[in-house]
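Structure record follows, encoded as C-alpha cells.
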Amino acid sequence: MEVTCLLLLTLVPMYCKGQGVYAPAQAQIVHAGQACVVKEDNISERVYTIREGDTLVLQCLVSGHPRPQVRWTKTAGSASDKFQETSVFNETLRIEHIARTQGGRYYCKAENGVGVPAIKSIRVDVQYLDEPVLTVHQTVSDVRGSFYQEKTVFLRCTVNSNPPARFIWKRGSSTLSHSQDDGVDIYEPLYTQGETKVLKLKNLRPQDYASYTCQVSVRNVCGIPDKAITFRLTNTTAPPALKLSVNETLVVNPGENVTVHCFLTGGNPQPQVIWSHGPGALPLGSRAQGGTLTIPSVRAQDSGYYNCTAINNVGNPAKKTVNLLVRSMRNATFQITPDVIKESESIQLGQDLKLSCHVDAVPQEKVSYQWYKNGKLARVSDRLLVTRNDPELPAVTSSLELIDLRFSDYGTYLCVASFQGAPVPDLSVEVNISSETVPPTISVPKGRSVVMVREGSSVELQCEVRGKPRPPVLWSRVDKEAGLLPSGATMEETPDGKLRVERVSREMSGTYRCQTARYNGFNVRSREAQVQLNVQFPPVVEPTSQDVRQALSRPVLLRCTLLRGSPLRIASAVWRFNGHLLPTPPAPPSEAPDHAELRLDPLTRDSSGSYECTISNDVGAASCLFQVSAKAYSPEFYYDTPNPTRSHKLSKNYSYVLQWTQKEPDAVDPVLSYRLDVRQLSLRTSVTKPIPVRRVEKGQLLEYILTDLKVPHSYEVRLTPITTFGAGDMAARIIRYMEPTNSPNLSDNTCHFEDEKICGYTQDRADNFDWTRQNALTQNPKRSPNTGPPTDISGTPEGYYMFIETSRPRELGDRARLVSPLYNISAKLYCVSFFYHMYGKHIGSLNLLVRSRNKGALETHAWSLSGNRGNSWQQAHVPINPSGPFQIIFEGVRGSGYLGDIAIDDVSLKKGECPRKQMDPNKVVVMPGSGASCPPGPLLFGPLTVFLLAMLR
C-alpha cells in the first residue's frame, strides 16, 4: 500500500501552532428507531412524538476537538434544565418499550474540556389511548330507584390519552349532537380525572332507551386506532345495592373457618362483586367467589378490614366493609408506680403504691383482668383498689392500688389477662413486692465505657442494671446525625443489657445510650449511661492510581497521602518498584506525617515503571500506585474533517485524509515520528508505516493521506507516537468509505429541492436550527403574516423551496446552515447562482460561504445580504475561486423578531465566470475571504492573500 505523508507547515498558520484546532463541544440531537415522528411544528421544533410501547432512539451528534464525551439526562417537563443523578454515557440513547411516564425533556450534554459544555435538548411526547370507561348517573334527587320517564340521566365517558382525545356519542348507529336532538346535551364537566365528555339525556323519553356508544379518537396519531365502549340504557337500569350476612364488626377465634356472604339486592346490568383487604392483599389460602369470601383456619394476622364492592358502572359503586377481629393476646407487661403525690421513686411503708398490668389484645376492650396475691384472689377493700383505664397508662390497663402500704402487703402479686369464654390462652405477669424491691440503677462495667474494635469483627456493648425487679435495657444512639442503630431501628431492647453488633463498620462509630425501660419495672425517671464505640479501619489513601508522565533526565516527586483511617497516623510506609522493595526514604520533618514521598532524580529508562507505596496504620494497609514513564500520550484524532474521503474511480480505490493532534506533547520528550498500522477489518494482517515529523506543538494539526484503500471496505487505523523513550500510547479509530460528489459539469445541475434528498445538501451539525423543505401545500397555515414566499420560484403550489422559520424559540443571531456535497475541483473559477426571498420587517442576513478542503477546512464569506427585500424572488450570481475540494454553505441568520423568514430556491453551480449583468450593490455584497463581515464594496486581495492563494493552488 502506497502511503503519502503531508504535514502542515507554514501556509496555514492557524492549523500549525497554538490551540487552533482545539474547539469546544458542539451537539445536535437526531432521532430514529421505531417511533413515529409527527410533522414538526415550525414554531416549536425538536418535539419527538412516539407511541407508548415503541422503541425510542436518540442520537447526539457531536463535533469539537478533542472528541467530546456525551452524557444523556432527563427532566420531566420542558422548562427545567436541571440534570438528574441517573444518566447514560453514550452518544446513542435507546429505550425499549417506552412508557408514558418516560416522556419529558431529554438533554444531551457534550464536553471535551475546551470551553463550556454543549447542551441540547429534545422534548419526547409519548402518545397513548387507554380504553374508555362509561358510567351512568341520575340527578341527585333521583337516587330513590330505577330510571323512569321524566328523569334526567348523565352518561359520563372518561379516558386517559395523549394527545387529548376527541369524543363522539352515538345512539345506535346515529351520531348525537345538540342541533339534531333537543333532548340531549353534550359538555365537558369541570374538575374531573382524565378527559371526560358527558351526554345528558333531559327528561327521558321512550326513544332514549337505547344503546349508547362512546367513541374516542386521537385522530390516528402514531397509528393509534379509535376505541369505543357501549352501554344499553333500559327502564330497569339501576345502580348496585348490597347486604352483608354478618355484622360490620366480626369477632372470631383463631383457627376458625370464616365465611362472609355479600348479597346483591339490586343493580342492572348485573354488577361485578370484588373483595379486597386493607392493608395488603387477601390472606393466603382465602377464596373470593362472587359475593362469598372464605378464610380457612383464620390467624391473628388476618385481622383487618375486608371490603365487598359491587360495580356495574351505574351510579356509584356499592360498598360494604367487615372489620374482622381475630382474638389474640401477647406481650404482657407491668409497672410499679410509687406514691405519685409525694414524688417518691422508691417503695416506702405508709405511702401509696400502684401495680399496673397490660396486654396487647384484639379486641382490646374485651380483655378482662384478675389480680391474685400469694396465689389467692385479691379482694377489693378500702386499702386495695382495682381500677381500669387509668388515663396515665395505655388503654385497657388494669391497676391495683395499695393505700397506705403496710408490711402485710408485701407478697407476690399475679395479674391474669383473659378472654372469657374464648379458646385463647390466658396471659399472666408476676410482681414481687418486698423490702428488697428497689428502683433500678444502671452503669457501664469498669473498662467498658470506651470499646475499641476493628472493622468487620463483632462487638458487644454492655450496661449493668441493678435493682429489683430488673427492667430490660433500651439502646439508642446519641449522635443525631447517625440516628439509627446498626440494626436499622431507632431503639432496640435487650433483656440482659448487652447490645451485640455483627460485622462492625466504620459508620457505626459513635456514642450509644443505654437506659432502663418504664415497663417490667419501676415507673420512674429512666436511668441512663453511655458507651463510646471506636471502630478502627485501614487507611484510605490518595491517589489510588496515577499516571505520571515526565521527560527523561527530569526529577519526579511521588506523594502518597493518608486521607482517612483509624488511627489516623502512618505506622509504616513501604515503597516498591516493579514489585521489588526499595530502601525506606527519610520521613518528612513533621511530627505526625500524613503522607509518604519518593523522589526520582533524574527519570531514566531504568527508573521508569510501576511504583507502589503501601501505608499502614496498625489496623491494615492501603496502597498508592504510580505508573511512571516518559511515554508520549496518545494522539487525538480530528473527527471534524469535512468529507475526508477521496475517490479514484478508475482503480476502484479511495484515499482517506487522516488528521490528528498530539495530547500534551510538552509533557514528555519531543515526538520524533509516528507508527501507523492500517488493517482492513475483514483481514487479520496489517500494514505498518513510519511517519517522520518535526517538532510537534500543542494544538498542531497533523495530516496523513491513506491511499489505495479498497472500495467499499472499512479499515482500522492505529497511530502510535515515538519519542527517544520509545513507543507511546496508541490511539485507534475506524474509517469508512463515503461516496464523494464529483465536480459539477458544464450541463445544467440546478437544484430545485423537489426531491427529499435535496440534491445531497445536509444540515450543519454546529448550527442552532435547520432549514426546512416545504411548498405552498405543506407550509404552516398559521405562519406569521407579511413574511415568507407564498410559493417557490415557479409559482406552482406543488413546487418546493428551502426555508428558515424565525418564530419562537429562535433568538437574535441564531443560525441555520445548509451545506452542499463536497465538489472536487476541476476549474479555477465557478459561479453560484440562486434565487432568494427575504420579506419581513425583522429579516436578518443571508450569507453564502465557501468551505475549502485543501490542507485543512477553511470557510470564507463569498456573499451576504441583510434586511427586508420585498415580497418577491430575486436572483444572485456569486463568483468563487476555491483552492481545493470545496463545499458551499447557505447560512440564514435570525433577525430581531419573528417576522424574518428567509427562503432560497433553484441553486446552480457552473464552471466559469458569472453573467456580466451589473448587480445592485444594495442587493449583492461581496465579502473578502477573511471570514469576517465587512461593509459592501469591491473584492480586495492584499499581497499576502495573493501569495497564499498561489501557494495553495
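Chains: A, B, ... in order of the C-alpha cells. Residues: from 1 per chain. Ligands: from 1, in order shown.
Backbone DSSP over range 646-879 of chain A yields helix (DSSP H, G or I) at Pro665, Asp666, Ala667, Ile758, Cys759 and Gly760 of chain A.
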Review point. Where does DSSP see strand (DSSP E or B) in range 270-484 of chain A, if you list the residues as a PyMOL selection string?
Key: chain A and resi 272-278+287-289+292-295+304-311+314+318-326+328-338+353-362+368-373+376-377+384-388+398-402+411-418+427-433+438-443+450-454+459-462+464-468+473-477
Exercise for review: Within 8 Å of range 228-245 of chain A, counting only C-alpha atoms, which residues show up once you throw out same-chain ones fewer than 4 positions away? Write them as a PyMOL selection string, please.
Suggested key: chain A and resi 131-134+145-148+208-216+260-269+271+310-320
Deliver the residues from the most recent selection as a file, using N, CA and C atoms, as a compact mmCIF listing (two decimals), in the first residue's frame.
```txt
# COMPACT_ATOMS: atom_id res chain seq x y z
N GLU A 131 -58.41 2.38 27.14
CA GLU A 131 -59.80 2.01 26.92
C GLU A 131 -60.70 2.99 27.68
N PRO A 132 -61.76 3.51 27.05
CA PRO A 132 -62.65 4.44 27.76
C PRO A 132 -63.50 3.73 28.81
N VAL A 133 -63.94 4.48 29.80
CA VAL A 133 -64.82 3.98 30.86
C VAL A 133 -66.12 4.77 30.80
N LEU A 134 -67.24 4.07 30.73
CA LEU A 134 -68.55 4.71 30.61
C LEU A 134 -69.35 4.43 31.88
N GLY A 145 -84.64 5.19 43.03
CA GLY A 145 -84.95 3.92 42.39
C GLY A 145 -84.50 3.87 40.96
N SER A 146 -85.31 3.19 40.13
CA SER A 146 -84.92 2.93 38.75
C SER A 146 -85.07 4.19 37.90
N PHE A 147 -84.74 4.03 36.60
CA PHE A 147 -84.76 5.15 35.67
C PHE A 147 -86.13 5.19 34.98
N TYR A 148 -87.06 5.97 35.55
CA TYR A 148 -88.37 6.09 34.94
C TYR A 148 -88.40 7.32 34.04
N ASP A 208 -85.27 7.29 24.20
CA ASP A 208 -83.97 7.38 24.85
C ASP A 208 -83.50 6.04 25.42
N TYR A 209 -84.42 5.09 25.54
CA TYR A 209 -83.99 3.76 25.98
C TYR A 209 -83.38 3.06 24.76
N ALA A 210 -82.04 3.05 24.73
CA ALA A 210 -81.33 2.53 23.55
C ALA A 210 -79.89 2.23 23.94
N SER A 211 -79.12 1.79 22.96
CA SER A 211 -77.68 1.52 23.17
C SER A 211 -76.90 2.78 22.82
N TYR A 212 -76.00 3.18 23.74
CA TYR A 212 -75.19 4.37 23.56
C TYR A 212 -73.71 3.97 23.47
N THR A 213 -73.04 4.55 22.51
CA THR A 213 -71.62 4.24 22.29
C THR A 213 -70.80 5.52 22.44
N CYS A 214 -69.76 5.41 23.25
CA CYS A 214 -68.78 6.49 23.36
C CYS A 214 -67.54 6.07 22.58
N GLN A 215 -67.25 6.81 21.52
CA GLN A 215 -66.08 6.52 20.68
C GLN A 215 -65.04 7.61 20.91
N VAL A 216 -63.81 7.19 21.22
CA VAL A 216 -62.73 8.14 21.47
C VAL A 216 -61.64 7.96 20.40
N VAL A 260 -68.08 -15.10 54.77
CA VAL A 260 -68.90 -13.90 54.74
C VAL A 260 -69.58 -13.84 53.38
N HIS A 261 -70.91 -13.65 53.40
CA HIS A 261 -71.68 -13.52 52.16
C HIS A 261 -72.03 -12.06 51.94
N CYS A 262 -71.87 -11.63 50.70
CA CYS A 262 -72.21 -10.27 50.30
C CYS A 262 -73.29 -10.39 49.23
N PHE A 263 -74.55 -10.12 49.60
CA PHE A 263 -75.68 -10.38 48.71
C PHE A 263 -75.99 -9.15 47.87
N LEU A 264 -76.25 -9.38 46.57
CA LEU A 264 -76.71 -8.32 45.69
C LEU A 264 -78.22 -8.16 45.86
N THR A 265 -78.65 -6.93 46.18
CA THR A 265 -80.08 -6.67 46.33
C THR A 265 -80.61 -5.75 45.24
N GLY A 266 -79.73 -5.37 44.29
CA GLY A 266 -80.18 -4.50 43.21
C GLY A 266 -79.05 -4.27 42.22
N GLY A 267 -79.43 -3.76 41.06
CA GLY A 267 -78.43 -3.45 40.06
C GLY A 267 -78.75 -4.05 38.71
N ASN A 268 -78.78 -3.23 37.69
CA ASN A 268 -78.99 -3.67 36.32
C ASN A 268 -78.23 -2.69 35.41
N PRO A 269 -77.30 -3.20 34.62
CA PRO A 269 -76.91 -4.60 34.39
C PRO A 269 -76.29 -5.26 35.62
N PRO A 271 -74.20 -6.42 38.39
CA PRO A 271 -72.94 -5.87 38.90
C PRO A 271 -71.87 -6.95 39.09
N ALA A 310 -69.45 -3.66 44.72
CA ALA A 310 -70.24 -4.06 43.55
C ALA A 310 -70.22 -2.91 42.54
N ILE A 311 -69.90 -3.24 41.27
CA ILE A 311 -69.77 -2.23 40.23
C ILE A 311 -70.54 -2.68 39.00
N ASN A 312 -71.36 -1.81 38.46
CA ASN A 312 -71.97 -2.06 37.14
C ASN A 312 -71.98 -0.78 36.31
N ASN A 313 -71.15 0.21 36.71
CA ASN A 313 -70.99 1.49 36.01
C ASN A 313 -72.26 2.31 35.99
N VAL A 314 -73.21 2.00 36.87
CA VAL A 314 -74.41 2.81 37.03
C VAL A 314 -74.37 3.41 38.42
N GLY A 315 -74.44 4.73 38.50
CA GLY A 315 -74.34 5.37 39.80
C GLY A 315 -72.99 5.12 40.43
N ASN A 316 -72.94 5.24 41.75
CA ASN A 316 -71.70 5.00 42.46
C ASN A 316 -71.60 3.53 42.84
N PRO A 317 -70.39 2.98 42.91
CA PRO A 317 -70.25 1.58 43.36
C PRO A 317 -70.83 1.40 44.76
N ALA A 318 -71.43 0.24 45.00
CA ALA A 318 -71.91 -0.11 46.34
C ALA A 318 -70.79 -0.78 47.10
N LYS A 319 -70.65 -0.43 48.37
CA LYS A 319 -69.53 -0.94 49.15
C LYS A 319 -69.98 -1.27 50.57
N LYS A 320 -69.59 -2.45 51.05
CA LYS A 320 -69.81 -2.87 52.42
C LYS A 320 -68.47 -3.32 53.00
```
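CA of Phe769 in chain A lies 20.0 Å from CA of Val70 in chain A.
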Point to revise | Shell around Gln875 in chain A at 8 Å using only C-alpha atoms, local window under 6 positions removed, as a ChimeraX atom specification | key: /A:833-836
Take the selection from the previous step and output its residues with N, CA, C and O atoms, as a PDB file, in the first residue's frame.
```pdb
ATOM      1  N   SER A 833     -25.252  30.458  -8.605  1.00  0.00           N
ATOM      2  CA  SER A 833     -26.460  31.236  -8.875  1.00  0.00           C
ATOM      3  C   SER A 833     -27.609  30.665  -8.055  1.00  0.00           C
ATOM      4  O   SER A 833     -27.745  29.442  -7.926  1.00  0.00           O
ATOM      5  N   PHE A 834     -28.470  31.543  -7.541  1.00  0.00           N
ATOM      6  CA  PHE A 834     -29.602  31.077  -6.737  1.00  0.00           C
ATOM      7  C   PHE A 834     -30.608  32.215  -6.633  1.00  0.00           C
ATOM      8  O   PHE A 834     -30.297  33.394  -6.858  1.00  0.00           O
ATOM      9  N   PHE A 835     -31.858  31.842  -6.305  1.00  0.00           N
ATOM     10  CA  PHE A 835     -32.905  32.817  -6.029  1.00  0.00           C
ATOM     11  C   PHE A 835     -33.113  32.900  -4.515  1.00  0.00           C
ATOM     12  O   PHE A 835     -33.043  31.886  -3.805  1.00  0.00           O
ATOM     13  N   TYR A 836     -33.397  34.093  -4.044  1.00  0.00           N
ATOM     14  CA  TYR A 836     -33.632  34.296  -2.610  1.00  0.00           C
ATOM     15  C   TYR A 836     -34.910  35.099  -2.424  1.00  0.00           C
ATOM     16  O   TYR A 836     -35.313  35.878  -3.306  1.00  0.00           O
TER      17      TYR A 836
END
```
Point to revise | Residues near Asn253 in chain A, cut-off 9 Å, only C-alpha atoms, skip fewer than 5 positions along chain, as JSON, numbers by chain | key: {"A": [298, 299, 300, 325, 326, 327, 328, 422, 423, 424]}
